[in-house]
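Enquirer: Right, I'll just put the structure down here and ask away after.
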Amino acid sequence: MAKLSRRAIAQYIARELSDDAHRKKAVLQLAAYLVDTRRTKELPLVVRDIEYYLSESGSVSGVVTTAFDLTAETKKAMEKYVKQQTGAKDVTLDHIVDPAVLGGLKVTIPGHQLDATVKRNLTILKTQFKKI
Amino acid sequence: MNFVSYFAATAEPSNDLFGALGIDWRLLIIQIVAFLILVFLLGKFVYPWLMKSVDERQENIEAAAKAAVKAQEAASESQEETAKVLAQARKEADEIVSSAKLEASEMLSNSEKKARATAENIAAEARADIEKSIETAKRELHNEALELIAFATEKVIHKKLDKKADAELIAAALEEAK
(Lines give C-alpha, C1' and ligand atoms only; values in the text may rest on other atoms or scores of the structure.)
Protein backbone atom coordinates (compact mmCIF):
# COMPACT_ATOMS: atom_id res chain seq x y z
CA MET A 1 0.00 0.00 0.00
CA ALA A 2 1.37 3.36 -1.00
CA LYS A 3 2.15 5.74 1.79
CA LEU A 4 -0.36 8.58 1.91
CA SER A 5 0.79 12.08 2.55
CA ARG A 6 -0.20 13.79 5.75
CA ARG A 7 -1.99 16.42 3.75
CA ALA A 8 -4.10 13.85 1.90
CA ILE A 9 -4.99 12.11 5.16
CA ALA A 10 -5.95 15.40 6.79
CA GLN A 11 -8.08 16.49 3.85
CA TYR A 12 -9.90 13.16 3.79
CA ILE A 13 -10.56 13.08 7.53
CA ALA A 14 -11.67 16.73 7.54
CA ARG A 15 -14.13 15.99 4.79
CA GLU A 16 -15.44 12.98 6.65
CA LEU A 17 -15.73 14.89 9.92
CA SER A 18 -17.90 17.47 8.25
CA ASP A 19 -20.48 14.80 7.80
CA ASP A 20 -22.03 13.88 11.17
CA ALA A 21 -22.78 10.36 9.98
CA HIS A 22 -19.20 9.52 9.18
CA ARG A 23 -17.55 11.35 12.05
CA LYS A 24 -16.97 8.41 14.38
CA LYS A 25 -15.97 6.12 11.54
CA ALA A 26 -13.45 8.67 10.24
CA VAL A 27 -11.78 8.88 13.62
CA LEU A 28 -11.49 5.11 13.82
CA GLN A 29 -10.12 4.95 10.30
CA LEU A 30 -7.50 7.53 11.07
CA ALA A 31 -6.43 5.75 14.23
CA ALA A 32 -6.27 2.41 12.46
CA TYR A 33 -4.33 3.78 9.55
CA LEU A 34 -1.73 5.52 11.72
CA VAL A 35 -1.23 2.40 13.83
CA ASP A 36 -1.04 0.16 10.80
CA THR A 37 1.48 2.32 9.04
CA ARG A 38 3.42 3.01 12.26
CA ARG A 39 2.90 6.75 11.92
CA THR A 40 1.31 7.40 15.29
CA LYS A 41 4.03 9.97 16.03
CA GLU A 42 2.53 12.12 13.31
CA LEU A 43 -0.84 12.30 15.09
CA PRO A 44 -0.43 15.84 16.51
CA LEU A 45 0.57 17.13 13.08
CA VAL A 46 -2.28 15.32 11.39
CA VAL A 47 -4.73 16.74 13.91
CA ARG A 48 -3.37 20.22 13.31
CA ASP A 49 -3.78 19.76 9.57
CA ILE A 50 -7.29 18.43 10.03
CA GLU A 51 -8.17 21.48 12.12
CA TYR A 52 -6.76 23.69 9.42
CA TYR A 53 -8.84 22.07 6.68
CA LEU A 54 -11.92 22.14 8.91
CA SER A 55 -11.40 25.84 9.50
CA GLU A 56 -11.25 26.36 5.76
CA SER A 57 -14.58 24.68 5.46
CA GLY A 58 -16.07 26.95 8.14
CA SER A 59 -15.71 24.76 11.16
CA VAL A 60 -13.09 26.01 13.56
CA SER A 61 -11.96 24.21 16.66
CA GLY A 62 -9.50 25.72 19.06
CA VAL A 63 -8.21 25.76 22.59
CA VAL A 64 -8.71 28.47 25.17
CA THR A 65 -6.43 28.65 28.17
CA THR A 66 -7.32 30.78 31.19
CA ALA A 67 -6.42 30.92 34.86
CA PHE A 68 -10.02 30.63 36.05
CA ASP A 69 -13.24 29.06 34.91
CA LEU A 70 -15.06 30.97 32.22
CA THR A 71 -18.48 32.44 32.55
CA ALA A 72 -21.02 31.79 29.82
CA GLU A 73 -20.79 35.41 28.80
CA THR A 74 -17.02 35.19 28.41
CA LYS A 75 -17.34 31.98 26.40
CA LYS A 76 -19.76 33.69 24.05
CA ALA A 77 -17.45 36.64 23.68
CA MET A 78 -14.64 34.31 22.79
CA GLU A 79 -16.66 32.42 20.19
CA LYS A 80 -17.69 35.72 18.73
CA TYR A 81 -14.09 36.83 18.56
CA VAL A 82 -13.04 33.60 16.82
CA LYS A 83 -15.86 33.88 14.32
CA GLN A 84 -14.84 37.43 13.56
CA GLN A 85 -11.22 36.42 13.08
CA THR A 86 -11.84 33.34 10.93
CA GLY A 87 -15.22 33.93 9.40
CA ALA A 88 -16.24 30.44 10.56
CA LYS A 89 -19.82 29.37 10.96
CA ASP A 90 -19.21 26.76 13.58
CA VAL A 91 -16.75 27.29 16.44
CA THR A 92 -15.72 24.69 18.98
CA LEU A 93 -13.43 25.78 21.79
CA ASP A 94 -11.84 23.46 24.30
CA HIS A 95 -11.20 25.10 27.60
CA ILE A 96 -8.09 24.52 29.71
CA VAL A 97 -7.70 26.02 33.17
CA ASP A 98 -4.05 26.71 33.86
CA PRO A 99 -3.29 28.89 36.90
CA ALA A 100 0.23 29.35 35.57
CA VAL A 101 -1.03 31.88 33.04
CA LEU A 102 -2.04 34.07 36.04
CA GLY A 103 -4.77 35.89 34.18
CA GLY A 104 -6.10 36.85 30.78
CA LEU A 105 -6.53 34.30 28.01
CA LYS A 106 -4.78 32.39 25.29
CA VAL A 107 -6.78 31.36 22.24
CA THR A 108 -5.21 28.91 19.84
CA ILE A 109 -7.01 28.21 16.56
CA PRO A 110 -5.60 26.86 13.29
CA GLY A 111 -3.29 29.42 11.78
CA HIS A 112 -3.88 31.95 14.51
CA GLN A 113 -3.10 32.49 18.17
CA LEU A 114 -4.07 35.20 20.60
CA ASP A 115 -1.99 35.23 23.75
CA ALA A 116 -3.18 37.93 26.12
CA THR A 117 -2.20 36.21 29.33
CA VAL A 118 -0.58 38.04 32.21
CA LYS A 119 2.20 35.47 32.13
CA ARG A 120 3.06 36.38 28.56
CA ASN A 121 3.02 40.09 29.33
CA LEU A 122 5.41 39.49 32.18
CA THR A 123 7.63 37.44 29.91
CA ILE A 124 7.58 40.28 27.40
CA LEU A 125 8.51 42.66 30.18
CA LYS A 126 11.44 40.47 31.12
CA THR A 127 12.67 39.74 27.62
CA GLN A 128 11.78 42.75 25.49
CA PHE A 129 13.15 45.34 27.90
CA LYS A 130 16.11 43.24 28.89
CA LYS A 131 19.45 44.82 28.03
CA ILE A 132 21.95 42.48 26.45
CA MET B 1 169.25 64.77 32.79
CA ASN B 2 172.43 63.32 34.17
CA PHE B 3 173.92 63.75 30.74
CA VAL B 4 172.87 67.40 30.66
CA SER B 5 174.14 67.96 34.17
CA TYR B 6 177.34 66.35 33.19
CA PHE B 7 177.86 68.73 30.29
CA ALA B 8 176.92 71.59 32.47
CA ALA B 9 179.33 70.49 35.11
CA THR B 10 182.19 69.96 32.68
CA ALA B 11 181.69 73.15 30.78
CA GLU B 12 184.13 75.79 31.34
CA PRO B 13 182.87 79.04 32.63
CA SER B 14 182.94 81.70 29.92
CA ASN B 15 183.17 85.36 30.19
CA ASP B 16 180.90 86.35 27.31
CA LEU B 17 177.38 87.66 27.37
CA PHE B 18 175.79 84.22 27.90
CA GLY B 19 178.23 83.66 30.65
CA ALA B 20 177.34 86.97 32.17
CA LEU B 21 173.73 86.06 32.07
CA GLY B 22 174.44 82.63 33.49
CA ILE B 23 173.39 80.83 30.35
CA ASP B 24 175.43 77.95 29.10
CA TRP B 25 175.12 78.05 25.32
CA ARG B 26 176.04 74.41 24.89
CA LEU B 27 173.41 73.40 27.31
CA LEU B 28 171.05 75.71 25.53
CA ILE B 29 171.82 74.06 22.21
CA ILE B 30 171.30 70.66 23.69
CA GLN B 31 168.05 71.75 25.19
CA ILE B 32 166.99 73.27 21.90
CA VAL B 33 167.88 70.06 20.07
CA ALA B 34 166.07 68.05 22.69
CA PHE B 35 163.13 70.33 22.39
CA LEU B 36 163.14 70.02 18.62
CA ILE B 37 163.37 66.27 18.91
CA LEU B 38 160.48 66.37 21.33
CA VAL B 39 158.57 68.62 19.04
CA PHE B 40 159.30 66.30 16.13
CA LEU B 41 158.28 63.26 18.08
CA LEU B 42 155.16 64.94 19.36
CA GLY B 43 154.32 66.22 15.86
CA LYS B 44 155.01 62.85 14.35
CA PHE B 45 153.29 60.56 16.81
CA VAL B 46 151.28 62.39 19.41
CA TYR B 47 149.72 65.40 17.69
CA PRO B 48 148.14 63.49 14.82
CA TRP B 49 146.55 61.04 17.20
CA LEU B 50 145.63 63.86 19.56
CA MET B 51 144.27 66.00 16.75
CA LYS B 52 142.43 63.05 15.34
CA SER B 53 140.97 62.35 18.70
CA VAL B 54 140.09 66.00 19.15
CA ASP B 55 138.59 66.12 15.67
CA GLU B 56 136.59 63.03 16.36
CA ARG B 57 135.49 64.47 19.65
CA GLN B 58 134.60 67.71 17.96
CA GLU B 59 132.69 65.86 15.30
CA ASN B 60 130.93 63.89 17.96
CA ILE B 61 130.14 67.06 19.83
CA GLU B 62 128.91 68.74 16.66
CA ALA B 63 126.90 65.67 15.78
CA ALA B 64 125.52 65.59 19.30
CA ALA B 65 124.78 69.29 19.04
CA LYS B 66 123.08 68.74 15.71
CA ALA B 67 121.22 65.79 17.13
CA ALA B 68 120.28 67.88 20.12
CA VAL B 69 119.10 70.64 17.82
CA LYS B 70 117.19 68.11 15.75
CA ALA B 71 115.83 66.54 18.85
CA GLN B 72 114.83 69.94 20.11
CA GLU B 73 113.24 70.73 16.80
CA ALA B 74 111.60 67.36 16.80
CA ALA B 75 110.52 67.88 20.36
CA SER B 76 109.23 71.29 19.42
CA GLU B 77 107.44 69.87 16.44
CA SER B 78 106.20 67.03 18.55
CA GLN B 79 105.03 69.46 21.16
CA GLU B 80 103.21 71.49 18.56
CA GLU B 81 101.78 68.37 17.07
CA THR B 82 100.84 67.18 20.52
CA ALA B 83 99.25 70.52 21.20
CA LYS B 84 97.36 70.26 17.92
CA VAL B 85 96.34 66.70 18.67
CA LEU B 86 95.34 67.73 22.15
CA ALA B 87 93.38 70.67 20.79
CA GLN B 88 91.75 68.42 18.22
CA ALA B 89 91.06 65.80 20.84
CA ARG B 90 89.63 68.45 23.16
CA LYS B 91 87.48 69.76 20.36
CA GLU B 92 86.29 66.26 19.48
CA ALA B 93 85.73 65.53 23.13
CA ASP B 94 83.71 68.71 23.44
CA GLU B 95 81.70 67.74 20.38
CA ILE B 96 81.19 64.23 21.73
CA VAL B 97 80.14 65.60 25.09
CA SER B 98 77.75 68.10 23.55
CA SER B 99 76.36 65.46 21.19
CA ALA B 100 76.04 63.03 24.08
CA LYS B 101 74.25 65.69 26.09
CA LEU B 102 71.96 66.36 23.15
CA GLU B 103 71.31 62.66 22.64
CA ALA B 104 70.74 62.19 26.35
CA SER B 105 68.35 65.09 26.31
CA GLU B 106 66.54 63.67 23.30
CA MET B 107 66.46 60.22 24.87
CA LEU B 108 65.11 61.70 28.06
CA SER B 109 62.54 63.63 26.11
CA ASN B 110 61.55 60.54 24.14
CA SER B 111 61.43 58.47 27.28
CA GLU B 112 59.22 61.06 28.90
CA LYS B 113 56.96 61.10 25.87
CA LYS B 114 56.78 57.31 25.80
CA ALA B 115 56.16 57.15 29.52
CA ARG B 116 53.47 59.81 29.23
CA ALA B 117 51.85 58.00 26.29
CA THR B 118 51.99 54.70 28.14
CA ALA B 119 50.52 56.27 31.24
CA GLU B 120 47.75 57.87 29.17
CA ASN B 121 47.03 54.55 27.47
CA ILE B 122 46.88 52.77 30.80
CA ALA B 123 44.61 55.46 32.19
CA ALA B 124 42.39 55.31 29.09
CA GLU B 125 42.18 51.53 29.28
CA ALA B 126 41.41 51.72 32.97
CA ARG B 127 38.70 54.32 32.28
CA ALA B 128 37.28 52.15 29.50
CA ASP B 129 37.31 49.11 31.79
CA ILE B 130 35.62 51.06 34.53
CA GLU B 131 33.00 52.41 32.14
CA LYS B 132 32.48 48.91 30.77
CA SER B 133 32.13 47.53 34.29
CA ILE B 134 29.69 50.29 35.19
CA GLU B 135 27.71 49.63 32.02
CA THR B 136 27.68 45.90 32.75
CA ALA B 137 26.64 46.52 36.34
CA LYS B 138 23.88 48.88 35.19
CA ARG B 139 22.67 46.35 32.65
CA GLU B 140 22.71 43.55 35.19
CA LEU B 141 20.92 45.76 37.69
CA HIS B 142 18.34 46.69 35.08
CA ASN B 143 17.75 43.06 34.15
CA GLU B 144 17.60 41.98 37.75
CA ALA B 145 15.14 44.79 38.45
CA LEU B 146 13.02 43.56 35.56
CA GLU B 147 13.15 40.03 36.91
CA LEU B 148 12.19 41.25 40.35
CA ILE B 149 9.37 43.40 38.99
CA ALA B 150 8.05 40.48 36.97
CA PHE B 151 8.40 38.15 39.93
CA ALA B 152 6.70 40.58 42.30
CA THR B 153 3.93 41.31 39.80
CA GLU B 154 3.40 37.61 39.28
CA LYS B 155 3.10 37.05 43.03
CA VAL B 156 0.78 40.00 43.53
CA ILE B 157 -1.45 39.09 40.60
CA HIS B 158 -1.54 35.47 41.71
CA LYS B 159 -2.92 36.56 45.06
CA LYS B 160 -5.03 39.52 44.04
CA LEU B 161 -6.54 38.51 40.72
CA ASP B 162 -9.94 36.84 41.16
CA LYS B 163 -12.40 35.36 38.74
CA LYS B 164 -14.31 38.60 38.26
CA ALA B 165 -11.22 40.66 37.61
CA ASP B 166 -9.95 37.99 35.24
CA ALA B 167 -13.22 38.09 33.31
CA GLU B 168 -12.83 41.84 32.94
CA LEU B 169 -9.27 41.35 31.84
CA ILE B 170 -10.32 38.81 29.23
CA ALA B 171 -13.07 41.08 27.96
CA ALA B 172 -10.61 43.93 27.62
CA ALA B 173 -8.11 41.70 25.84
CA LEU B 174 -10.74 40.49 23.37
CA GLU B 175 -11.88 44.05 22.79
CA GLU B 176 -8.34 45.13 22.13
CA ALA B 177 -7.69 42.20 19.82
CA LYS B 178 -10.66 43.02 17.56
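Letters A, B, ... go to the chains of the C-alpha coordinates in the order shown; residues in each chain start at 1; ligands are counted from 1 in the same order.
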Would you list which chain A residues are within 10 Å of chain B using only C-alpha atoms, as a VMD selection string?

Expert: chain A and resid 66 to 71 73 to 74 77 to 78 80 to 82 84 to 85 99 to 106 114 to 119 121 to 127 129 to 132

Enquirer: I'd like the contact shell of segment 8-11 of chain A - 10 Å cut-off, only C-alpha atoms, skipping same-chain residues fewer than 2 positions apart - returned as a list of chain:residue names.

Expert: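 Listed by chain and then number, they are A:Leu4, A:Ser5, A:Arg6, A:Ile13, A:Ala14, A:Arg15, A:Glu16, A:Leu17, A:Leu30, A:Tyr33, A:Leu34, A:Leu45, A:Val46, A:Val47, A:Arg48, A:Asp49, A:Ile50, A:Glu51, A:Tyr52, A:Tyr53, A:Leu54.
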
Enquirer: Could you give me, as a PyMOL selection string, the residues within 9 Å of His112 of chain A, counting only C-alpha atoms and dropping anything in the same chain fewer than 3 positions from it?

Expert: chain A and resi 85-86+107-109

Enquirer: Could you go through chain A and tell me which residues DSSP, when run on the backbone, assigns to strand (DSSP E), listing them as a list in words?

Expert: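 The strand (DSSP E) subset of chain A is Ser59, Val60, Ser61, Gly62, Val63, Val64, Thr65, Thr66, Asp90, Val91, Thr92, Leu93, Asp94, His95, Ile96, Val97, Leu105, Lys106, Val107, Thr108, Ile109, His112, Gln113, Leu114 and Asp115 of chain A.
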
Enquirer: So how many Å separate atom CA of Tyr12 of chain A and atom CA of Ser55 of chain A, to one decimal?

Expert: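 Between atom CA of Tyr12 of chain A and atom CA of Ser55 of chain A the gap is 14.0 Å.
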
Enquirer: Just give me the gap between atom CA of Lys160 of chain B and atom CA of Asp94 of chain A in Å, one decimal is fine.

Expert: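 Atom-to-atom, atom CA of Lys160 of chain B and atom CA of Asp94 of chain A are spaced 26.3 Å apart.
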
Enquirer: One number please: atom CA of Pro110 of chain A to atom CA of Glu56 of chain A, in Å, one decimal.

Expert: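 For atom CA of Pro110 of chain A relative to atom CA of Glu56 of chain A, the distance reads 9.4 Å.
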